[in-house]
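Undergrad: Quick one: the structure is below, questions incoming.
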Amino acid sequence: MTALQLTWFVLIGVLLCGYAILDGFDLGVGCWHLCGRDDKERRLFINAIGPVWDGNEVWLLTGGGALFAAFPPVYASVFSGFYLALMLVLVGLILRAAAIEFRSQVESPAWRQAWDVAFAVGSVLPALLFGVALGNVVRGLELDVGGNYVGGFFALLNPYALLVGLTGLAMFVVHGALFLAARLDGELQVRARGWASRSWVVFAALYVVTTGCTLATYVRGSLPLALTASSFGLLCIVTSGLLNRSGRDLAAFLASAATMLCIWGGVGATLFPNLLPASNDPLRSLTIASSSSSSGTLTVMLVVALVGMPLVIGYTAVVYRIFMRMPLTVDQGY
Amino acid sequence: MDAVLLARLQFALTIGFHFIFPPLTIGMAWVIVLMLGRARRSNDPFDQQLARFWIKIFTLSFAVGVATGITMEFQFGTNWANYSRFVGDIFGAPLAIEAVFTFFLESTFLGVLLFGEKRVSRNFYWLAAWLVALGSTLSAFWIIVANSWQQTPAGYEIVDGRAQLTSFVDVVFNPSTVPRFLHTFDAALISGSLAIAGMAAWMLLKRRHVELATRSLRLALLVTLVASLLQIGLGHAHALQVIHTQPVKFAAFEGMWETQDHAPLTLLGWPDAEAETTHFDVHIHPWVSIMAGLSPTTRVQGLKDFPRAERPPLLILFWSWRFMVGTVFVFLGISLLGLWLLRRNALVANRRFLWLLLLASPLPLLANEVGWIAAEVGRQPWAVWKLLRTDQAHSPVVPAGQIVLSIVLLCAVYALLFGVWIFVLRRKLLKGPDDVTSAAASAPPAEVTP
C-alpha cells in the first residue's frame with residue numbers, strides 16, 4: 001500500500017463525512033418537516049435549508065465520483081450490489097429535490113400537503129438507507145472472485161445493517177433538529193430544541209448498541225483506534241446533548257458534526273485496510289492496495305482535490321455566512 | 001428481455017430525460033447573464049425585473065436537471081459495473097472533477113440567485129449569475145470529456161485487461177472532446193434561447209406581460225440567430241472529426257456503402273442493412289468528398305469496409321443525422337424571420353408566427369436528443385470504441401427483475417416530474433413577474449402570501 005493510496009482512503013472518508021455532516025442536517029430537517037404545524041412553519045423549515053441544500057448534496061456526488069476515480073472496483077461492486085436500495089435512495093433524493101422546488105409554487109393545501117409528504121419520505125428514505133448500506137459494508141458482503149456481490153437483495157436486510165440504518169436515521173434526525181434550533185427563532189426554536197433533546201436519547205442509546213456490536217464483531221483493522229474513535233464519538237454525543245439542554249444551539253450542532261467525524265474515523269479504523277470486506281473469503285476483499293486506480297490517476301485526482309476543495313470550502317463558507325445571518329422569512333426563495 | 005438490453009433501456013430512458021434539462025438551463029443561464037448585464041448598464045428597474053422573472057423560470061428547470069442528474073452518476077456503477085471496472089482509472093476522474101469544480105459552483109451560487117437578491121450587492125449578484133452559467137458550462141465540458149473518451153479513447157494503455165492512464169492531458173483533449181463540446185455547448189445556447197423565445201411568444205399569444213415578453217423575445221432570438229449560424233460551422237467541424245476518427249459511424253450517417261472519391265451527399269433514402277444498399281436515394285455528387293476534404297477527389301470510407309458485426313444500427317443513424325442537420329436551418333430561418341418582424345414592429349400582432357415560434361421552441365431539445373442518439377448509437381456495438389463491447393460492460397449480478405422494477409419506478413417519478421414541471425411553468429408564465437418590492441419583503445411574514 002502506497003502513501004498515495006492511503007491518502008485516498010482517507011479522502012474518500014473525508015468526502016463522505018462532509019456529506020453526512022452537511023446534507024445530514026437538511027435530510028434531518030426533512031425528517032421533521034411534517035411536525036411543522038402549518039404552512040408557514042413548513043415553509044420556514046424549507047427556507048432554512050433553501051440556499052444550501054443543493055450544494056450539500058453535491059458532497060455525495062463528489063464522494064461517489066471520487067470513489068469511482070480512486071477505487072473503481074469498489075464503486076462497481078457497491079453500486080451494483082446495492083442496486084435496488086440505491087434506486088430507492090435515488091427516488092427519495094429526486095422526490096425531495098422536486099418537493100423543495102415545487103411545493104410553494106401553488107397555493108393549494110392539497111398540493112402542498114402532497115409535496116410535504118414527498119419531502120419527508122424523500123428525506124427519511126435516504127437517511128435510513130445510507131446507514132443500511134454502510135452497515136453491510138462494515139459487516140462484509142458475499143463476493144464472487146470478480147468482486148461482484150452475490151448475496152441477493154434480502155440478505156442486505158440483516159439485523160446488523162438495519163440497526164446501523166436506524167442509528168444513522170436517528171443521527172440525522174438529531175442533527176436536523178439541532179440545525180433548526182440554531183437557525184430558527186422564538187417558539188419554533190424552543191420546539192426544535194425539544195425535538196433534539198428527545199431524539200437525542202434514542203440516538204445515544206442506538207449509538208451505544210451499534211458501536212458495541214461493531215467493536216465486538218466486525219473490526220478488521222485496528223481495534224484500539226476504533227475504540228478510541230467511538231469513545232470520542234460518545235463524548236461528542238454527550239457534549240452535544242448537554243449543550244442542547246443549556247440552549248447553546250450552534251455549539252450543540254457543531255458537536256453533532258464532530259460526532260460524525262468520530263464515527264467516520266471509527267468506520268475507517270474498522271474497515272482498514274479493506275474498503276469492501278468479503279464475508280465469505282477474506283482473499284476476495286477489496287482492499288486499498290488491490291482496488292485502487294493507478295498512481296497516475298490518484299496523483300491527478302489529488303491535485304484536483306488540493307486545488308478544488310479549498311476553493312469549494314472557501315466559497316461555501318462565504319455563502320453560509322451570508323445566509324445564516326439573514327433573518328428567516330417565508331416570502332423569499334422557495 | 002435480457003439484463004443487458006434492460007440496462008441499456010434504463011440508461012437511455014434516464015439519460016434521455018435528464019438531457020432535456022442541462023442544455024436548456026445552460027443556454028438560459030447565458031441569456032440571463034446577458035439580461036442582468038443589460039440591467040446593470042441601463043439601470044432600468046424593468047430590465048432587472050425581466051431578469052428576475054427568467055431566473056425563476058430557470059431555477060424550476062434547473063431543479064429537474066439536478067434531481068435527475070444524480071441518477072446518472074449512480075448508474076455507471078449500478079448498471080455498468082464491468083464498464084466501471086474497465087474504465088475507472090480514466091473515466092472516474094472527469095466525473096469527480098465535474099463535481100468538485102462545477103457542481104459546487106453552480107449549486108452554491110444558484111442559492112445566491114434564488115435567495116440573495118436583497119442580501120448581496122448587485123455586483124455579487126451578477127457574479128453569481130456568471131458563476132452559475134460558467135459552472136453549468138464547465139460541467140458540460142467534463143461530462144463530454146468522459147463521453148468523448150468512450151468515442152475516441154486516448155492517453156491510456158491496457159494493463160491487466162483494464163484501461164490505465166498514461167496521459168491525463170490526452171484523455172481530456174482526446175480527438176473528439178473539443179469538437180463535441182463546442183457543438184453541444186452551442187446547441188445548448190440554441191435550446192435555452194429558443195425556449196425563452198417560445199415561452200415569450202406564448203405570453204404574447206395570451207396577451208400577458210407584452211412589454212416583458214417582447215424585450216425577452218428580441219434578446220433570445222438574437223442569441224438563437226448567432227448560435228445557429230455558429231452551429232453550421234461547429235456541426236461541420238464535428239462531422240469532420242467523426243469522418244477521421246470513427247469512419248464507420250459517418251458511413252452509417254450517410255448510408256454510404258462503397259469507399260469512394262467523388263462521394264455523394266445523400267439527401268433522402270432508405271438504407272437496407274441486409275441488402276447492403278440504400279434504396280430510393282436522392283443524392284448529389286460529390287458533396288461528401290468536398291465537405292470531407294475540400295476536394296471532389298477526397299476518398300471517404302463506406303460501410304462495406306467494415307465487418308457487419310462492427311456496423312452500428314443503420315436506420316436510426318441515417319435518420320437522426322438528417323433530422324439534426326435539418327433543424328439547424330429551421331432555427332436559423334425562424335430567428336431571422338422573428339428579428340425582421342420585430343424590426344418592423346409586426347411581431348406582436350403576427351399570431352401565426354408566434355404560434356410557429358411556440359411550436360418550434362421544444363425542437364432544439366428534440367434535436368439534442370436525436371443528436372445524442374446519433375452519437376451514442378453510432379458508437380455501438382462498443383461501450384468504449386474498439387476496446388470494450390457494450391454486451392460485456394454490464395453489471396453481471398443485477399437480476400433483470402430488479403432492472404424492470406427500477407425502470408417502472410423511475411419512469412413513474414420522471415413522468416410525475418415532467419407533468420409538474422410543465423404545470424408550474426405554465427402558471428409562472430401566466431402570472432408573470434411577481435412584484436415583490438422591498439416594501440413587501442419587509443412586511444411581517446404572516447401577511448405575505450407565499
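Going by the C-alpha cells order, chains are called A, B, ..., each with residues numbered from 1, while ligands are numbered from 1 in the order shown.
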Based on the backbone DSSP call, show me all residues of segment 202-352 of chain B assigned strand (DSSP E), as a list in words.

TA: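 Here is the list: Leu265, Thr266, Leu267, Leu268, Gly269, Trp270, Pro271, Asp272, Thr277, Thr278, His279, Phe280, Asp281, Val282, His283 and Ile284 of chain B.
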
Undergrad: Skipping near chain neighbours, those fewer than 5 positions away, what residues fall within 12 Å of Val171 of chain B using only C-alpha atoms, listed as a ChimeraX atom specification?

TA: /A:297,300 /B:87,89-94,142,144-157,163-166,176-178

Undergrad: Which value, in Å to one decimal, gives the distance between atom CA of Glu98 of chain B and atom CA of Leu86 of chain A?

TA: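 A separation of 21.4 Å between them.
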
Undergrad: Need to verify the contact set: segment 270-287 of chain B, 8 Å, only C-alpha atoms, exclusion of same-chain residues closer than 4 positions in sequence. Can you return it as a VMD selection string?

TA: chain B and resid 255 to 257 261 to 266 291 296 304 314 to 315 318

Undergrad: So, counting only C-alpha atoms, which residue among A:Asn148, A:Thr299, A:Thr2, A:Ser108 is closest to chain B?

TA: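 The closest residue to chain B is A:Asn148.
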
Undergrad: Name the closest residue to Gln105 of chain A among the candidates B:Val169, B:Ala415, B:Lys56, B:Ala187; distances are taken between atoms, counting only C-alpha atoms.

TA: B:Lys56
